[in-house]
>>> print(open('query-v4.txt').read())   # compact mmCIF, C-alpha atoms
# COMPACT_ATOMS: atom_id res chain seq x y z
CA MET A 1 -101.63 -36.55 31.78
CA PHE A 2 -100.79 -33.57 33.93
CA LYS A 3 -103.05 -31.35 32.01
CA ARG A 4 -105.86 -33.88 32.20
CA TYR A 5 -105.66 -34.02 36.05
CA LYS A 6 -105.52 -30.30 36.23
CA SER A 7 -108.66 -29.89 34.21
CA LEU A 8 -110.52 -32.32 36.44
CA ALA A 9 -109.46 -30.46 39.58
CA SER A 10 -110.56 -27.22 38.07
CA GLU A 11 -113.97 -28.72 37.31
CA ARG A 12 -114.43 -29.78 40.95
CA ARG A 13 -113.80 -26.32 42.35
CA ILE A 14 -116.93 -24.58 43.76
CA SER A 15 -117.34 -20.88 43.74
CA PRO A 16 -117.79 -18.99 47.12
CA GLY A 17 -121.31 -17.86 46.15
CA ALA A 18 -122.45 -21.42 45.61
CA THR A 19 -121.05 -22.45 48.95
CA ARG A 20 -123.03 -19.74 50.74
CA SER A 21 -126.25 -20.82 49.05
CA ILE A 22 -125.72 -24.41 50.05
CA LEU A 23 -125.13 -23.41 53.70
CA LYS A 24 -128.31 -21.31 53.66
CA ASP A 25 -130.32 -24.27 52.40
CA ASP A 26 -128.82 -26.51 55.11
CA MET A 27 -129.67 -23.96 57.82
CA LYS A 28 -133.26 -23.70 56.56
CA ASN A 29 -133.62 -27.49 56.58
CA PHE A 30 -132.21 -27.69 60.12
CA HIS A 31 -134.57 -24.91 61.27
CA PHE A 32 -137.62 -26.67 59.81
CA LEU A 33 -136.53 -29.97 61.36
CA SER A 34 -136.05 -28.45 64.82
CA GLN A 35 -139.46 -26.71 64.63
CA PHE A 36 -141.09 -30.01 63.73
CA ILE A 37 -139.47 -31.81 66.65
CA LEU A 38 -140.47 -29.09 69.12
CA SER A 39 -144.06 -29.10 67.90
CA ALA A 40 -144.26 -32.84 68.44
CA GLY A 41 -143.79 -32.35 72.18
CA PRO A 42 -141.42 -34.07 74.60
CA LEU A 43 -140.29 -37.52 73.78
CA LYS A 44 -142.07 -40.24 75.72
CA ALA A 45 -140.08 -42.99 77.23
CA ALA A 46 -141.08 -46.42 76.07
CA SER A 47 -143.35 -48.03 78.60
CA ALA A 48 -141.55 -50.65 80.52
CA VAL A 49 -143.09 -54.05 80.28
CA LYS A 50 -143.92 -55.37 83.73
CA HIS A 51 -142.99 -58.92 84.28
CA SER A 52 -144.95 -60.30 87.21
CA LYS A 53 -143.16 -63.19 88.74
CA THR A 54 -145.52 -65.39 90.76
CA THR A 55 -143.80 -67.63 93.25
CA HIS A 56 -145.31 -71.08 93.58
CA PHE A 57 -144.91 -73.33 96.58
CA GLU A 58 -144.91 -77.07 96.87
CA ILE A 59 -146.71 -78.39 99.94
CA GLU A 60 -145.66 -81.78 101.21
CA ILE A 61 -148.23 -83.26 103.59
CA LEU A 62 -147.09 -85.95 106.01
CA ASP A 63 -149.01 -88.02 108.52
CA ALA A 64 -148.46 -86.53 112.00
CA GLN A 65 -148.13 -89.96 113.61
CA THR A 66 -146.18 -92.04 111.10
CA LYS A 67 -144.40 -89.20 109.20
CA MET A 68 -145.34 -90.97 105.97
CA GLN A 69 -146.07 -88.83 102.94
CA ILE A 70 -149.77 -88.62 102.12
CA CYS A 71 -149.68 -86.32 99.10
CA ILE A 72 -147.99 -83.31 97.55
CA VAL A 73 -149.96 -80.17 96.74
CA ASP A 74 -148.18 -78.18 94.06
CA LYS A 75 -148.70 -74.85 92.28
CA VAL A 76 -149.71 -73.06 95.47
CA THR A 77 -149.38 -69.28 95.16
CA GLN A 78 -148.20 -66.81 97.80
CA LYS A 79 -151.69 -65.50 98.49
CA SER A 80 -153.18 -68.96 98.92
CA THR A 81 -154.45 -69.73 102.41
CA ILE A 82 -154.44 -72.83 104.54
CA HIS A 83 -158.10 -73.24 103.60
CA ASP A 84 -157.10 -73.36 99.92
CA VAL A 85 -154.53 -76.03 100.72
CA LYS A 86 -157.21 -78.05 102.52
CA GLN A 87 -159.45 -77.78 99.47
CA LYS A 88 -156.71 -79.15 97.21
CA PHE A 89 -155.87 -81.81 99.77
CA HIS A 90 -159.53 -82.86 99.77
CA LYS A 91 -159.44 -83.21 95.96
CA ALA A 92 -156.39 -85.46 96.24
CA CYS A 93 -157.81 -87.43 99.19
CA PRO A 94 -161.64 -87.24 99.07
CA GLN A 95 -162.08 -89.27 102.26
CA TRP A 96 -161.06 -86.21 104.30
CA TYR A 97 -163.21 -83.14 103.84
CA PRO A 98 -161.70 -79.70 104.69
CA SER A 99 -163.27 -79.24 108.14
CA ARG A 100 -161.83 -82.60 109.19
CA ILE A 101 -158.27 -81.71 108.18
CA GLY A 102 -155.88 -80.36 110.80
CA LEU A 103 -152.52 -79.05 109.52
CA GLN A 104 -149.46 -78.26 111.65
CA LEU A 105 -146.02 -76.87 110.92
CA GLU A 106 -144.51 -79.32 113.37
CA ARG A 107 -145.73 -82.42 115.14
CA GLY A 108 -147.60 -81.57 118.32
CA GLY A 109 -147.79 -77.89 117.42
CA PRO A 110 -150.91 -75.76 117.13
CA PHE A 111 -153.22 -76.25 114.19
CA LEU A 112 -152.88 -73.59 111.52
CA LYS A 113 -155.86 -71.29 111.07
CA ASP A 114 -157.67 -71.32 107.75
CA ASN A 115 -157.06 -67.62 107.05
CA LEU A 116 -153.24 -67.86 107.28
CA THR A 117 -151.43 -67.37 103.98
CA ILE A 118 -148.80 -69.82 102.79
CA GLN A 119 -146.29 -66.99 102.43
CA SER A 120 -146.54 -66.25 106.16
CA VAL A 121 -145.59 -69.79 107.18
CA ALA A 122 -143.20 -70.76 104.37
CA ALA A 123 -139.44 -70.65 104.91
CA SER A 124 -138.68 -71.90 101.39
CA SER A 125 -140.47 -72.94 98.22
CA ILE A 126 -141.04 -76.41 99.69
CA VAL A 127 -143.27 -76.47 102.78
CA THR A 128 -143.83 -79.53 104.94
CA LEU A 129 -147.10 -79.76 106.87
CA TYR A 130 -148.29 -82.48 109.23
CA PHE A 131 -151.81 -83.80 108.88
CA THR A 132 -154.11 -84.88 111.73
CA ASP A 133 -157.57 -86.31 111.23
CA LEU A 134 -159.85 -84.25 113.48
CA GLY A 135 -162.69 -86.77 113.21
CA GLN A 136 -166.32 -86.10 112.41
CA GLN A 137 -167.02 -82.36 112.50
CA VAL A 138 -170.21 -80.33 112.92
CA SER A 139 -170.77 -76.59 112.58
CA TRP A 140 -171.17 -74.39 115.65
CA THR A 141 -174.64 -73.37 114.53
CA THR A 142 -175.70 -77.02 114.56
CA VAL A 143 -174.27 -77.42 118.06
CA PHE A 144 -176.18 -74.44 119.46
CA LEU A 145 -179.45 -75.34 117.78
CA ALA A 146 -179.24 -78.91 119.08
CA GLU A 147 -178.33 -77.72 122.59
CA TYR A 148 -181.33 -75.41 122.85
CA THR A 149 -183.99 -77.29 120.88
CA GLY A 150 -183.64 -80.38 123.05
CA PRO A 151 -184.41 -78.71 126.41
CA LEU A 152 -187.36 -76.86 124.91
CA LEU A 153 -189.04 -80.04 123.67
CA ILE A 154 -188.04 -82.24 126.60
CA TYR A 155 -189.50 -79.85 129.17
CA LEU A 156 -192.80 -79.71 127.26
CA LEU A 157 -193.03 -83.51 127.29
CA PHE A 158 -192.82 -83.55 131.09
CA TYR A 159 -195.16 -80.56 131.39
CA LEU A 160 -197.84 -82.36 129.37
CA ARG A 161 -197.42 -85.38 131.66
CA ILE A 162 -197.38 -87.87 128.85
CA PRO A 163 -197.96 -91.53 129.79
CA TYR A 164 -195.15 -93.72 131.12
CA ILE A 165 -193.50 -90.76 132.88
CA TYR A 166 -195.87 -90.26 135.83
CA ASP A 167 -198.65 -92.38 137.28
CA MET A 168 -201.75 -91.58 135.22
CA LYS A 169 -204.21 -91.89 138.14
CA GLU A 170 -202.13 -89.62 140.34
CA SER A 171 -201.62 -87.12 137.52
CA SER A 172 -205.35 -86.88 136.84
CA ARG A 173 -206.20 -86.58 140.53
CA ARG A 174 -203.71 -83.81 141.39
CA LEU A 175 -204.01 -80.39 139.78
CA CYS A 176 -200.89 -78.41 138.81
CA HIS A 177 -199.93 -75.50 141.00
CA PRO A 178 -199.82 -72.11 139.17
CA VAL A 179 -196.04 -71.99 139.63
CA VAL A 180 -195.77 -75.09 137.42
CA HIS A 181 -197.39 -73.26 134.51
CA LEU A 182 -195.30 -70.15 135.17
CA ALA A 183 -192.11 -72.22 135.30
CA CYS A 184 -192.94 -73.82 131.95
CA PHE A 185 -193.55 -70.38 130.44
CA CYS A 186 -190.24 -69.00 131.76
CA HIS A 187 -188.30 -72.09 130.67
CA CYS A 188 -189.74 -71.90 127.14
CA ILE A 189 -189.04 -68.15 126.92
CA HIS A 190 -185.43 -68.77 127.89
CA TYR A 191 -184.69 -71.35 125.21
CA ILE A 192 -186.79 -69.73 122.49
CA ARG A 193 -184.71 -66.58 123.03
CA TYR A 194 -181.57 -68.69 122.71
CA LEU A 195 -182.76 -70.18 119.41
CA LEU A 196 -183.80 -66.86 117.90
CA GLU A 197 -180.56 -65.16 118.92
CA THR A 198 -178.53 -68.01 117.42
CA LEU A 199 -180.32 -67.59 114.11
CA PHE A 200 -180.67 -63.81 113.90
CA VAL A 201 -178.41 -62.04 116.43
CA HIS A 202 -175.21 -63.92 117.19
CA LYS A 203 -172.39 -63.95 114.67
CA VAL A 204 -171.65 -67.62 115.01
CA SER A 205 -168.21 -68.73 113.89
CA ALA A 206 -168.10 -70.44 110.51
CA GLY A 207 -165.75 -73.02 111.97
CA HIS A 208 -166.45 -76.55 113.06
CA THR A 209 -166.04 -78.60 116.21
CA PRO A 210 -165.66 -82.34 116.76
CA LEU A 211 -168.86 -84.35 116.96
CA ARG A 212 -167.99 -85.45 120.50
CA ASN A 213 -168.41 -81.84 121.70
CA LEU A 214 -171.96 -81.84 120.38
CA ILE A 215 -172.67 -85.10 122.19
CA LYS A 216 -171.24 -83.79 125.48
CA SER A 217 -173.15 -80.50 125.28
CA CYS A 218 -176.43 -82.20 124.44
CA ALA A 219 -175.95 -84.76 127.20
CA PHE A 220 -175.42 -81.97 129.74
CA TYR A 221 -178.32 -79.72 128.72
CA TRP A 222 -180.77 -82.47 127.86
CA GLY A 223 -179.94 -84.51 130.93
CA PHE A 224 -180.34 -81.62 133.36
CA THR A 225 -183.53 -80.49 131.64
CA SER A 226 -185.04 -83.95 132.11
CA TRP A 227 -184.11 -83.95 135.78
CA ILE A 228 -185.43 -80.42 136.34
CA ALA A 229 -188.66 -80.97 134.41
CA TYR A 230 -189.37 -84.26 136.18
CA TYR A 231 -189.35 -82.63 139.62
CA ILE A 232 -191.20 -79.42 138.73
CA ASN A 233 -193.99 -81.18 136.81
CA HIS A 234 -194.33 -84.11 139.20
CA PRO A 235 -197.87 -84.58 140.60
CA ARG A 236 -196.47 -84.41 144.14
CA TYR A 237 -194.50 -81.23 143.56
CA THR A 238 -194.73 -78.85 146.52
CA PRO A 239 -194.88 -75.07 145.82
CA PRO A 240 -192.34 -72.59 147.27
CA SER A 241 -192.33 -71.94 151.01
CA PHE A 242 -193.30 -68.24 150.82
CA GLY A 243 -196.11 -68.75 148.34
CA TYR A 244 -197.14 -66.36 145.62
CA ARG A 245 -194.96 -63.48 146.81
CA GLN A 246 -191.81 -65.56 146.34
CA VAL A 247 -193.02 -66.75 142.94
CA ALA A 248 -194.03 -63.28 141.71
CA VAL A 249 -190.81 -61.52 142.74
CA SER A 250 -188.67 -64.29 141.24
CA ALA A 251 -190.64 -64.33 137.99
CA ILE A 252 -190.32 -60.55 137.55
CA ASN A 253 -186.59 -60.70 138.20
CA PHE A 254 -186.30 -63.61 135.76
CA LEU A 255 -187.97 -61.63 132.97
CA ILE A 256 -185.80 -58.57 133.70
CA CYS A 257 -182.64 -60.68 133.42
CA GLU A 258 -183.87 -62.28 130.20
CA ALA A 259 -184.51 -58.86 128.67
CA GLY A 260 -181.12 -57.59 129.85
CA ASN A 261 -179.37 -60.63 128.39
CA HIS A 262 -181.02 -60.08 125.04
CA PHE A 263 -180.10 -56.40 124.80
CA ILE A 264 -176.51 -57.12 125.82
CA ASN A 265 -176.23 -59.77 123.10
CA VAL A 266 -177.51 -57.27 120.55
CA VAL A 267 -174.82 -54.77 121.58
CA LEU A 268 -172.13 -57.46 121.42
CA ALA A 269 -173.29 -58.49 117.96
CA HIS A 270 -172.96 -54.90 116.70
CA PRO A 271 -169.87 -53.42 118.39
CA SER A 272 -168.97 -49.78 117.89
CA HIS A 273 -165.82 -48.87 115.97
CA THR A 274 -163.49 -45.90 115.87
CA GLY A 275 -161.67 -45.93 112.56
CA ASN A 276 -160.21 -49.36 112.13
CA ASN A 277 -159.91 -50.10 115.86
CA ALA A 278 -162.62 -52.00 117.69
CA CYS A 279 -163.79 -50.39 120.92
CA PHE A 280 -164.98 -52.01 124.11
CA PRO A 281 -168.79 -52.43 124.01
CA SER A 282 -170.23 -49.31 125.53
CA PRO A 283 -173.64 -48.74 127.13
CA ASN A 284 -176.24 -46.74 125.26
CA TYR A 285 -179.61 -45.17 126.06
CA ASN A 286 -180.99 -48.62 126.98
CA PRO A 287 -180.84 -49.01 130.81
CA PHE A 288 -180.18 -52.74 130.45
CA THR A 289 -176.82 -51.96 128.83
CA TRP A 290 -175.65 -49.83 131.75
CA MET A 291 -174.30 -53.00 133.31
CA PHE A 292 -171.24 -52.42 131.10
CA PHE A 293 -170.23 -49.69 133.56
CA LEU A 294 -169.68 -52.35 136.23
CA VAL A 295 -168.66 -55.60 134.55
CA SER A 296 -166.98 -56.64 131.33
CA CYS A 297 -169.29 -59.62 130.66
CA PRO A 298 -172.83 -58.51 131.60
CA ASN A 299 -174.41 -61.21 129.44
CA TYR A 300 -173.12 -63.79 131.93
CA THR A 301 -174.33 -61.63 134.82
CA TYR A 302 -177.87 -61.60 133.44
CA GLU A 303 -177.71 -65.31 132.59
CA ILE A 304 -176.81 -66.27 136.15
CA GLY A 305 -179.48 -63.88 137.43
CA SER A 306 -182.09 -65.69 135.35
CA TRP A 307 -181.18 -69.10 136.71
CA ILE A 308 -180.99 -67.88 140.32
CA SER A 309 -184.48 -66.40 139.90
CA PHE A 310 -185.73 -69.65 138.40
CA THR A 311 -184.22 -71.58 141.30
CA ILE A 312 -185.98 -69.39 143.89
CA MET A 313 -189.24 -69.46 141.94
CA THR A 314 -189.42 -73.26 141.69
CA GLN A 315 -187.48 -74.08 144.90
CA THR A 316 -186.14 -77.37 143.57
CA LEU A 317 -182.75 -79.02 144.11
CA PRO A 318 -182.00 -79.96 140.46
CA VAL A 319 -182.38 -76.32 139.35
CA GLY A 320 -180.05 -75.21 142.15
CA ILE A 321 -177.37 -77.71 141.14
CA PHE A 322 -177.66 -76.68 137.49
CA THR A 323 -177.39 -73.00 138.46
CA LEU A 324 -174.27 -73.70 140.53
CA LEU A 325 -172.53 -75.56 137.71
CA MET A 326 -173.45 -72.90 135.17
CA SER A 327 -172.18 -70.17 137.52
CA ILE A 328 -168.81 -71.89 137.86
CA GLN A 329 -168.46 -72.37 134.11
CA MET A 330 -169.52 -68.85 133.24
CA SER A 331 -167.21 -67.34 135.83
CA LEU A 332 -164.30 -69.13 134.12
CA TRP A 333 -165.41 -67.82 130.72
CA ALA A 334 -165.86 -64.31 132.12
CA GLN A 335 -162.41 -64.23 133.71
CA LYS A 336 -160.82 -65.41 130.48
CA LYS A 337 -162.58 -62.71 128.46
CA HIS A 338 -161.79 -60.12 131.12
CA LYS A 339 -158.06 -60.81 130.74
CA ILE A 340 -158.34 -60.36 126.99
CA TYR A 341 -160.18 -57.06 127.48
CA LEU A 342 -157.50 -55.90 129.91
CA LYS A 343 -154.82 -56.36 127.25
CA LYS A 344 -156.80 -54.48 124.61
CA PHE A 345 -158.44 -51.77 126.73
CA ASN A 346 -156.17 -51.55 129.76
CA SER A 347 -156.99 -48.02 130.91
CA TYR A 348 -160.73 -48.51 130.46
CA MET A 349 -161.03 -51.89 132.14
CA ARG A 350 -159.20 -51.40 135.44
CA ARG A 351 -162.28 -50.36 137.40
CA LYS A 352 -164.47 -53.20 136.12
CA SER A 353 -165.17 -56.68 137.43
CA ALA A 354 -165.47 -59.73 135.21
CA MET A 355 -169.02 -60.92 135.97
CA ILE A 356 -170.26 -59.95 139.43
CA PRO A 357 -169.94 -56.23 140.27
CA PHE A 358 -167.22 -55.46 142.88
CA ILE A 359 -166.78 -59.20 143.65
CA LEU A 360 -165.71 -61.26 140.65
>>> encode(input="query-v4.txt", output="structure tokens")
Amino acid sequence: MFKRYKSLASERRISPGATRSILKDDMKNFHFLSQFILSAGPLKAASAVKHSKTTHFEIEILDAQTKMQICIVDKVTQKSTIHDVKQKFHKACPQWYPSRIGLQLERGGPFLKDNLTIQSVAASSIVTLYFTDLGQQVSWTTVFLAEYTGPLLIYLLFYLRIPYIYDMKESSRRLCHPVVHLACFCHCIHYIRYLLETLFVHKVSAGHTPLRNLIKSCAFYWGFTSWIAYYINHPRYTPPSFGYRQVAVSAINFLICEAGNHFINVVLAHPSHTGNNACFPSPNYNPFTWMFFLVSCPNYTYEIGSWISFTIMTQTLPVGIFTLLMSIQMSLWAQKKHKIYLKKFNSYMRRKSAMIPFIL
């Protein structure tokens, strides 16, 4: 047995020369392997798989008066806006279309604007909003077109002296004074300019307003136009005290103010920009825009100038009352805009007035 084990051990012995040859082969294999790895270039890390987690919100809509739940809008993403919520609300409750829906974060609070994102108003994944029915709504473009089309047509009806407005015998017997024709021309120019600017110049808001605002605006403009046109086109209308000189000077000033108002509206519709920051409307080569050096709202300045000229040209009480009311309203609008301009362009606005140079 001993001899047998010994012979096996002797068989397993390897000579030193064989060992060196085996090591050489291993070194060559390692060298070839390393060269192959280096030629393959640097190892690239496995691209990480991006897992986009989209947070969804659940919008609970309650009635602002009764606090009763109306519906739940689910699967609302972070980038969804209040307008998107209104669209989904309209699908759930078709009787309320989006422009009629008013949404609030709390009862009695301000209505949320359509461009607000849900993420900006959400405190958790469940958002509670209060619904208010805003009533019948109309677009602002419809309001302006109705406001200005009515006076244009109403004035022409009185100018043509259609039956049942004036006495036919007296109308046929008395000829119209030239100022009556000039007043009709100026009045038509004024409202035609309004209509064209509404359609092609002004950037009217895409929002809506309650139907009652349209009714109030039309009642004001249409009612005053009827009163003004009735007096100016009446067969017994008396011309201005200072005759043609008063009419001519007033008419020229009226046309100048109308032109100035138009050019100012064009500048306001296309404001200049510096980078991403809006600049205060600045005057250009057009002399009518130089009014920006003196006031922050020159469109109102020219508008009041037009109506004062029309009042002097026709010398009638209804036009004077209308001019006074419009002056009061526009002065309030001008002061409000002037305060906004002061906050945005403080250093540039200090030396300006709101509407009337050096006075208001």
>>> residues_around(input="query-v4.txt", residues="segment 93-96 of chain A", least_positions_apart="2", cutoff="12 Å", atoms="all atoms listed in the file", output="MDAnalysis selection string")
chainID A and resid 61 70:73 85:91 98:102 131:137
>>> atom_distance(input="query-v4.txt", atom1="atom CA of His208 of chain A", atom2="atom CA of Val143 of chain A")
9.3 Å
>>> residues_around(input="query-v4.txt", residues="segment 222-234 of chain A", least_positions_apart="4", cutoff="9 Å", atoms="only C-alpha atoms", output="number ranges by chain")
A: 147-148, 150-152, 154-161, 165-166, 171, 176, 179-181, 183-184, 217-218, 238, 314-319, 322
>>> write_last_selection(input="query-v4.txt", atoms="C-alpha atoms", output="PDB file, in the frame of the given file")
ATOM      1  CA  GLU A 147    -178.330 -77.720 122.590  1.00  0.00           C
ATOM      2  CA  TYR A 148    -181.330 -75.410 122.850  1.00  0.00           C
ATOM      3  CA  GLY A 150    -183.640 -80.380 123.050  1.00  0.00           C
ATOM      4  CA  PRO A 151    -184.410 -78.710 126.410  1.00  0.00           C
ATOM      5  CA  LEU A 152    -187.360 -76.860 124.910  1.00  0.00           C
ATOM      6  CA  ILE A 154    -188.040 -82.240 126.600  1.00  0.00           C
ATOM      7  CA  TYR A 155    -189.500 -79.850 129.170  1.00  0.00           C
ATOM      8  CA  LEU A 156    -192.800 -79.710 127.260  1.00  0.00           C
ATOM      9  CA  LEU A 157    -193.030 -83.510 127.290  1.00  0.00           C
ATOM     10  CA  PHE A 158    -192.820 -83.550 131.090  1.00  0.00           C
ATOM     11  CA  TYR A 159    -195.160 -80.560 131.390  1.00  0.00           C
ATOM     12  CA  LEU A 160    -197.840 -82.360 129.370  1.00  0.00           C
ATOM     13  CA  ARG A 161    -197.420 -85.380 131.660  1.00  0.00           C
ATOM     14  CA  ILE A 165    -193.500 -90.760 132.880  1.00  0.00           C
ATOM     15  CA  TYR A 166    -195.870 -90.260 135.830  1.00  0.00           C
ATOM     16  CA  SER A 171    -201.620 -87.120 137.520  1.00  0.00           C
ATOM     17  CA  CYS A 176    -200.890 -78.410 138.810  1.00  0.00           C
ATOM     18  CA  VAL A 179    -196.040 -71.990 139.630  1.00  0.00           C
ATOM     19  CA  VAL A 180    -195.770 -75.090 137.420  1.00  0.00           C
ATOM     20  CA  HIS A 181    -197.390 -73.260 134.510  1.00  0.00           C
ATOM     21  CA  ALA A 183    -192.110 -72.220 135.300  1.00  0.00           C
ATOM     22  CA  CYS A 184    -192.940 -73.820 131.950  1.00  0.00           C
ATOM     23  CA  SER A 217    -173.150 -80.500 125.280  1.00  0.00           C
ATOM     24  CA  CYS A 218    -176.430 -82.200 124.440  1.00  0.00           C
ATOM     25  CA  THR A 238    -194.730 -78.850 146.520  1.00  0.00           C
ATOM     26  CA  THR A 314    -189.420 -73.260 141.690  1.00  0.00           C
ATOM     27  CA  GLN A 315    -187.480 -74.080 144.900  1.00  0.00           C
ATOM     28  CA  THR A 316    -186.140 -77.370 143.570  1.00  0.00           C
ATOM     29  CA  LEU A 317    -182.750 -79.020 144.110  1.00  0.00           C
ATOM     30  CA  PRO A 318    -182.000 -79.960 140.460  1.00  0.00           C
ATOM     31  CA  VAL A 319    -182.380 -76.320 139.350  1.00  0.00           C
ATOM     32  CA  PHE A 322    -177.660 -76.680 137.490  1.00  0.00           C
TER      33      PHE A 322
END
>>> atom_distance(input="query-v4.txt", atom1="atom CA of Leu62 of chain A", atom2="atom CA of Ser120 of chain A")
19.7 Å
>>> residues_around(input="query-v4.txt", residues="Met291 of chain A", least_positions_apart="4", cutoff="12 Å", atoms="only C-alpha atoms", output="PyMOL selection string")
chain A and resi 257+260-261+263-264+267+281-287+295-302+352-357
>>> atom_distance(input="query-v4.txt", atom1="atom CA of Gly320 of chain A", atom2="atom CA of Gln335 of chain A")
22.4 Å
>>> closest_residue(input="query-v4.txt", among="A:Leu116, A:Leu324, A:Ala146, A:Leu294", to="Lys216 of chain A", atoms="only C-alpha atoms")
A:Ala146
>>> closest_residue(input="query-v4.txt", among="A:Val266, A:Ile340, A:Ile321, A:Val76", to="Glu197 of chain A", atoms="all atoms listed in the file")
A:Val266
>>> closest_residue(input="query-v4.txt", among="A:Lys337, A:Arg236, A:Lys67, A:His83", to="Ser172 of chain A", atoms="all atoms listed in the file")
A:Arg236
>>> closest_residue(input="query-v4.txt", among="A:Thr55, A:Asn115, A:Ser327, A:Ser125", to="Gln78 of chain A", atoms="all atoms listed in the file")
A:Thr55
>>> closest_residue(input="query-v4.txt", among="A:Asp84, A:Glu58, A:Ile304, A:Ile328", to="Ala123 of chain A", atoms="all atoms listed in the file")
A:Glu58
>>> closest_residue(input="query-v4.txt", among="A:Leu325, A:Thr128, A:Leu175, A:Thr142", to="Leu105 of chain A", atoms="only C-alpha atoms")
A:Thr128
